[in-house]
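Report on the following structure.
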Amino acid sequence: MFTSTLAKVGAVFATASAVMLGYTSNAQAEMLFDRGLPTENLNTISEANRSNVRWATDSENLGFYGDDFTIGNVGDTFVIDTIRTWMVPGITGIGDPDNLGDWFESFTLLTGLAAEDDISPFASVTLDFNSNVTSNPDVTITQVPYPDAAESIYDNFGDFVNIWQVDFNNLNWTIEGGTTYNFGVRGVGREIPDQGLFYPWFNHASNAALSASPQDGADNRFLQFDASGNFVDTVDSNGNGWDKSSDINVQIFGEATPKTSVPEPASVLALLVFITFLSAGSPKKQEKSK
């Protein structure tokens, strides 16, 4: 009887605590930031309205492009589970690889506070020849089409090449709401035979106004970093490699952390009264009443 009463008290206390602290045990990762692939105005057939493009800094493994994101409001806290980006290999006259490992020996996600400009490695993997399997099972590569009705692939202004989705999972990265963070994915290319250059890693980007898909945080700018993640420049592609502005595409998944709060005195008093009521029938209480 006494053990049963204690169990009831414990259950009531746990439930009441969860309610008062705003906790939920079934929280799952959700999309917190959506600047995904465009769904309309794709490829050269769209002429001046083309929305999709790709950017890589060089063929010498000396730098890469990234962008920034802000989630929620000041006072919020989030745990990031997955960061998803897309890359588009392919070189005119060479084609594109059957596996990313054929062209790239490694790639790295770098992140950091925008206020500090530079970014640092967060997750890095290596690749083997003839493989899309990374050295880290939490980082996956998937060949995907655009999310349009025709399931289009990327038109490199005459050459059609595949799109590769790169997911960095189980990051467990805690960030502050209302704070801007920088990110970038740097791929290290293998040497192109007989050319003395390296396969460039192209990050997918799009023009927000023409993408017809959610483009959270788009500001028509993206960021350039050197090979170490040091900030180099803010880039507007309008008149600088393209005829319009663009942002690097990214989706971010995670969950908001519970907001703790101090229970109101009336709530605490009600809980204590209820616990006292449940405890009134315990053997010790009955013995004293005889």
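Here's how to read the names in the structure tokens: chain A, B, ... by the order shown, residue numbers from 1 in each chain, ligand numbers from 1 in the order shown.
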
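The residues of region 41-269 of chain A that DSSP classifies as alpha helix (DSSP H), using the backbone of this structure, are Leu100, Gly101, Asp102, Trp103, Ala208, Ala209, Leu210, Ser211, Pro265, Ala266, Ser267, Val268 and Leu269 of chain A.
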
Could you write those residues out with all heavy atoms, as a compact mmCIF listing (two decimals), in the first residue's frame?
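Final file, result-v1.txt:
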# COMPACT_ATOMS: atom_id res chain seq x y z
N LEU A 100 31.06 10.43 -55.99
CA LEU A 100 31.82 11.61 -55.56
C LEU A 100 33.24 11.24 -55.16
O LEU A 100 34.16 12.04 -55.28
CB LEU A 100 31.11 12.31 -54.41
CG LEU A 100 29.83 13.08 -54.75
CD1 LEU A 100 29.43 13.98 -53.59
CD2 LEU A 100 29.99 13.91 -56.02
N GLY A 101 33.42 10.00 -54.67
CA GLY A 101 34.76 9.57 -54.30
C GLY A 101 35.73 9.51 -55.46
O GLY A 101 36.94 9.52 -55.27
N ASP A 102 35.20 9.44 -56.68
CA ASP A 102 36.08 9.43 -57.85
C ASP A 102 36.78 10.76 -58.05
O ASP A 102 37.88 10.81 -58.60
CB ASP A 102 35.27 9.10 -59.11
CG ASP A 102 34.62 7.72 -59.05
OD1 ASP A 102 35.06 6.89 -58.23
OD2 ASP A 102 33.66 7.50 -59.81
N TRP A 103 36.13 11.83 -57.60
CA TRP A 103 36.67 13.17 -57.82
C TRP A 103 37.16 13.86 -56.55
O TRP A 103 37.95 14.79 -56.64
CB TRP A 103 35.60 14.06 -58.48
CG TRP A 103 35.43 13.83 -59.95
CD1 TRP A 103 35.82 12.73 -60.68
CD2 TRP A 103 34.84 14.73 -60.87
NE1 TRP A 103 35.50 12.89 -61.99
CE2 TRP A 103 34.88 14.12 -62.16
CE3 TRP A 103 34.24 15.99 -60.77
CZ2 TRP A 103 34.38 14.71 -63.30
CZ3 TRP A 103 33.74 16.59 -61.92
CH2 TRP A 103 33.81 15.96 -63.18
N ALA A 208 16.69 33.84 -55.02
CA ALA A 208 15.52 33.66 -54.15
C ALA A 208 14.22 34.05 -54.82
O ALA A 208 13.21 33.34 -54.73
CB ALA A 208 15.71 34.45 -52.86
N ALA A 209 14.20 35.17 -55.51
CA ALA A 209 12.96 35.69 -56.10
C ALA A 209 12.41 34.78 -57.18
O ALA A 209 11.19 34.75 -57.41
CB ALA A 209 13.20 37.08 -56.67
N LEU A 210 13.26 33.99 -57.82
CA LEU A 210 12.83 33.14 -58.92
C LEU A 210 12.72 31.66 -58.55
O LEU A 210 12.30 30.84 -59.36
CB LEU A 210 13.80 33.28 -60.10
CG LEU A 210 13.87 34.67 -60.75
CD1 LEU A 210 15.02 34.73 -61.75
CD2 LEU A 210 12.55 35.02 -61.43
N SER A 211 13.08 31.31 -57.32
CA SER A 211 13.16 29.90 -56.93
C SER A 211 11.81 29.22 -56.73
O SER A 211 11.69 28.01 -56.86
CB SER A 211 13.99 29.75 -55.65
OG SER A 211 15.33 30.07 -55.89
N PRO A 265 3.97 29.97 -7.00
CA PRO A 265 3.72 29.46 -5.63
C PRO A 265 2.41 28.70 -5.51
O PRO A 265 2.34 27.68 -4.83
CB PRO A 265 3.71 30.74 -4.79
CG PRO A 265 4.55 31.70 -5.56
CD PRO A 265 4.31 31.39 -7.00
N ALA A 266 1.37 29.15 -6.17
CA ALA A 266 0.07 28.48 -6.08
C ALA A 266 0.16 27.07 -6.65
O ALA A 266 -0.45 26.12 -6.13
CB ALA A 266 -0.99 29.28 -6.82
N SER A 267 0.93 26.88 -7.72
CA SER A 267 1.08 25.55 -8.34
C SER A 267 1.83 24.61 -7.41
O SER A 267 1.48 23.45 -7.26
CB SER A 267 1.82 25.67 -9.67
OG SER A 267 1.11 26.50 -10.57
N VAL A 268 2.89 25.13 -6.77
CA VAL A 268 3.67 24.31 -5.83
C VAL A 268 2.78 23.90 -4.65
O VAL A 268 2.80 22.75 -4.22
CB VAL A 268 4.90 25.10 -5.33
CG1 VAL A 268 5.63 24.29 -4.26
CG2 VAL A 268 5.82 25.40 -6.50
N LEU A 269 1.98 24.84 -4.10
CA LEU A 269 1.12 24.56 -2.96
C LEU A 269 0.09 23.49 -3.33
O LEU A 269 -0.15 22.55 -2.56
CB LEU A 269 0.42 25.85 -2.51
CG LEU A 269 -0.54 25.69 -1.31
CD1 LEU A 269 0.22 25.16 -0.09
CD2 LEU A 269 -1.22 27.02 -0.99

Quick one: residues within 6 Å of Phe222 (chain A), only C-alpha atoms, excluding same-chain residues fewer than 4 positions away - as a PDB file with all heavy atoms, in the first residue's frame?
ATOM      1  N   ASP A  67      27.580  30.584 -46.637  1.00  0.00           N
ATOM      2  CA  ASP A  67      26.521  31.573 -46.457  1.00  0.00           C
ATOM      3  C   ASP A  67      26.242  31.684 -44.971  1.00  0.00           C
ATOM      4  O   ASP A  67      27.047  31.231 -44.142  1.00  0.00           O
ATOM      5  CB  ASP A  67      25.267  31.156 -47.237  1.00  0.00           C
ATOM      6  CG  ASP A  67      24.488  32.356 -47.779  1.00  0.00           C
ATOM      7  OD1 ASP A  67      24.286  33.306 -47.002  1.00  0.00           O
ATOM      8  OD2 ASP A  67      24.080  32.335 -48.946  1.00  0.00           O
ATOM      9  N   THR A 234      32.311  39.120 -48.974  1.00  0.00           N
ATOM     10  CA  THR A 234      30.887  38.908 -49.235  1.00  0.00           C
ATOM     11  C   THR A 234      30.670  39.098 -50.730  1.00  0.00           C
ATOM     12  O   THR A 234      31.150  40.080 -51.304  1.00  0.00           O
ATOM     13  CB  THR A 234      30.029  39.907 -48.443  1.00  0.00           C
ATOM     14  OG1 THR A 234      30.254  39.710 -47.039  1.00  0.00           O
ATOM     15  CG2 THR A 234      28.553  39.697 -48.740  1.00  0.00           C
ATOM     16  N   VAL A 235      29.946  38.168 -51.345  1.00  0.00           N
ATOM     17  CA  VAL A 235      29.860  38.139 -52.798  1.00  0.00           C
ATOM     18  C   VAL A 235      28.426  38.372 -53.263  1.00  0.00           C
ATOM     19  O   VAL A 235      27.486  37.750 -52.759  1.00  0.00           O
ATOM     20  CB  VAL A 235      30.357  36.782 -53.350  1.00  0.00           C
ATOM     21  CG1 VAL A 235      30.288  36.772 -54.872  1.00  0.00           C
ATOM     22  CG2 VAL A 235      31.774  36.499 -52.865  1.00  0.00           C
ATOM     23  N   ASP A 247      21.947  33.013 -53.370  1.00  0.00           N
ATOM     24  CA  ASP A 247      22.318  32.545 -52.033  1.00  0.00           C
ATOM     25  C   ASP A 247      22.607  31.052 -52.100  1.00  0.00           C
ATOM     26  O   ASP A 247      22.015  30.331 -52.918  1.00  0.00           O
ATOM     27  CB  ASP A 247      21.183  32.781 -51.035  1.00  0.00           C
ATOM     28  CG  ASP A 247      20.874  34.247 -50.809  1.00  0.00           C
ATOM     29  OD1 ASP A 247      20.097  34.822 -51.600  1.00  0.00           O
ATOM     30  OD2 ASP A 247      21.404  34.805 -49.835  1.00  0.00           O
TER      31      ASP A 247
END

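Between CA of Met31 (chain A) and CA of Ile252 (chain A) the interatomic distance comes to 5.8 Å.
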
With distances taken over only C-alpha atoms, which residue among A:Asp81, A:Asp96, A:Asp148, A:Glu105 lies nearest Asn169 (chain A)? A:Asp81

DSSP strand (DSSP E or B) residues within region 119-192 of chain A, listed as JSON, numbers by chain: {"A": [120, 121, 122, 123, 124, 125, 126, 127, 134, 139, 140, 141, 142, 143, 144, 154, 155, 156, 159, 160, 161, 163, 164, 165, 166, 167, 168, 173, 174, 175, 176, 180, 181, 182, 183, 184, 185, 186, 187, 188, 189, 191]}

Name the closest residue to Ala212 (chain A) among the candidates A:Asp68, A:Glu40, A:Asp226, A:Asp128; distances are taken between atoms, counting only C-alpha atoms.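 Of A:Asp68, A:Glu40, A:Asp226, A:Asp128, the one nearest Ala212 (chain A) is A:Glu40, counting only C-alpha atoms.
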
Restricting the calculation to only C-alpha atoms: of A:Glu191, A:Glu255, A:Asp155, A:Asp243, which residue gets closest to Ile175 (chain A)?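 Going through A:Glu191, A:Glu255, A:Asp155, A:Asp243 one by one, the smallest distance to Ile175 (chain A) is for A:Glu255.
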
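Shortest atom-to-atom contact with Phe202 (chain A) among A:Ala149, A:Ile248, A:Val133, A:Leu37: A:Ile248, counting only C-alpha atoms.
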
Fewer than 2 positions away in the same chain doesn't count, so skip those; otherwise give me all residues within 8 Å of Tyr199 (chain A), counting only C-alpha atoms, as a PDB file with C-alpha atoms, in the first residue's frame.
ATOM      1  CA  SER A  59      40.543  24.406 -59.106  1.00  0.00           C
ATOM      2  CA  TRP A 103      36.674  13.171 -57.823  1.00  0.00           C
ATOM      3  CA  PHE A 104      36.980  14.138 -54.147  1.00  0.00           C
ATOM      4  CA  VAL A 188      39.028  18.722 -51.454  1.00  0.00           C
ATOM      5  CA  GLY A 189      39.287  17.545 -55.041  1.00  0.00           C
ATOM      6  CA  ARG A 190      41.560  14.894 -56.433  1.00  0.00           C
ATOM      7  CA  GLU A 191      43.955  15.934 -59.177  1.00  0.00           C
ATOM      8  CA  ILE A 192      42.508  16.085 -62.676  1.00  0.00           C
ATOM      9  CA  LEU A 197      44.474  21.154 -61.340  1.00  0.00           C
ATOM     10  CA  TRP A 201      33.546  21.379 -55.407  1.00  0.00           C
TER      11      TRP A 201
END

A:Gly93, A:Gly112, A:Asp98, A:Pro38: which is nearest Thr179 (chain A), counting only C-alpha atoms? A:Gly112

For Thr39 (chain A): contacts at 12 Å, only C-alpha atoms, fewer than 3 positions along chain excluded, given as a PyMOL selection string: chain A and resi 35-36+42-43+50-52+145-154+206-215
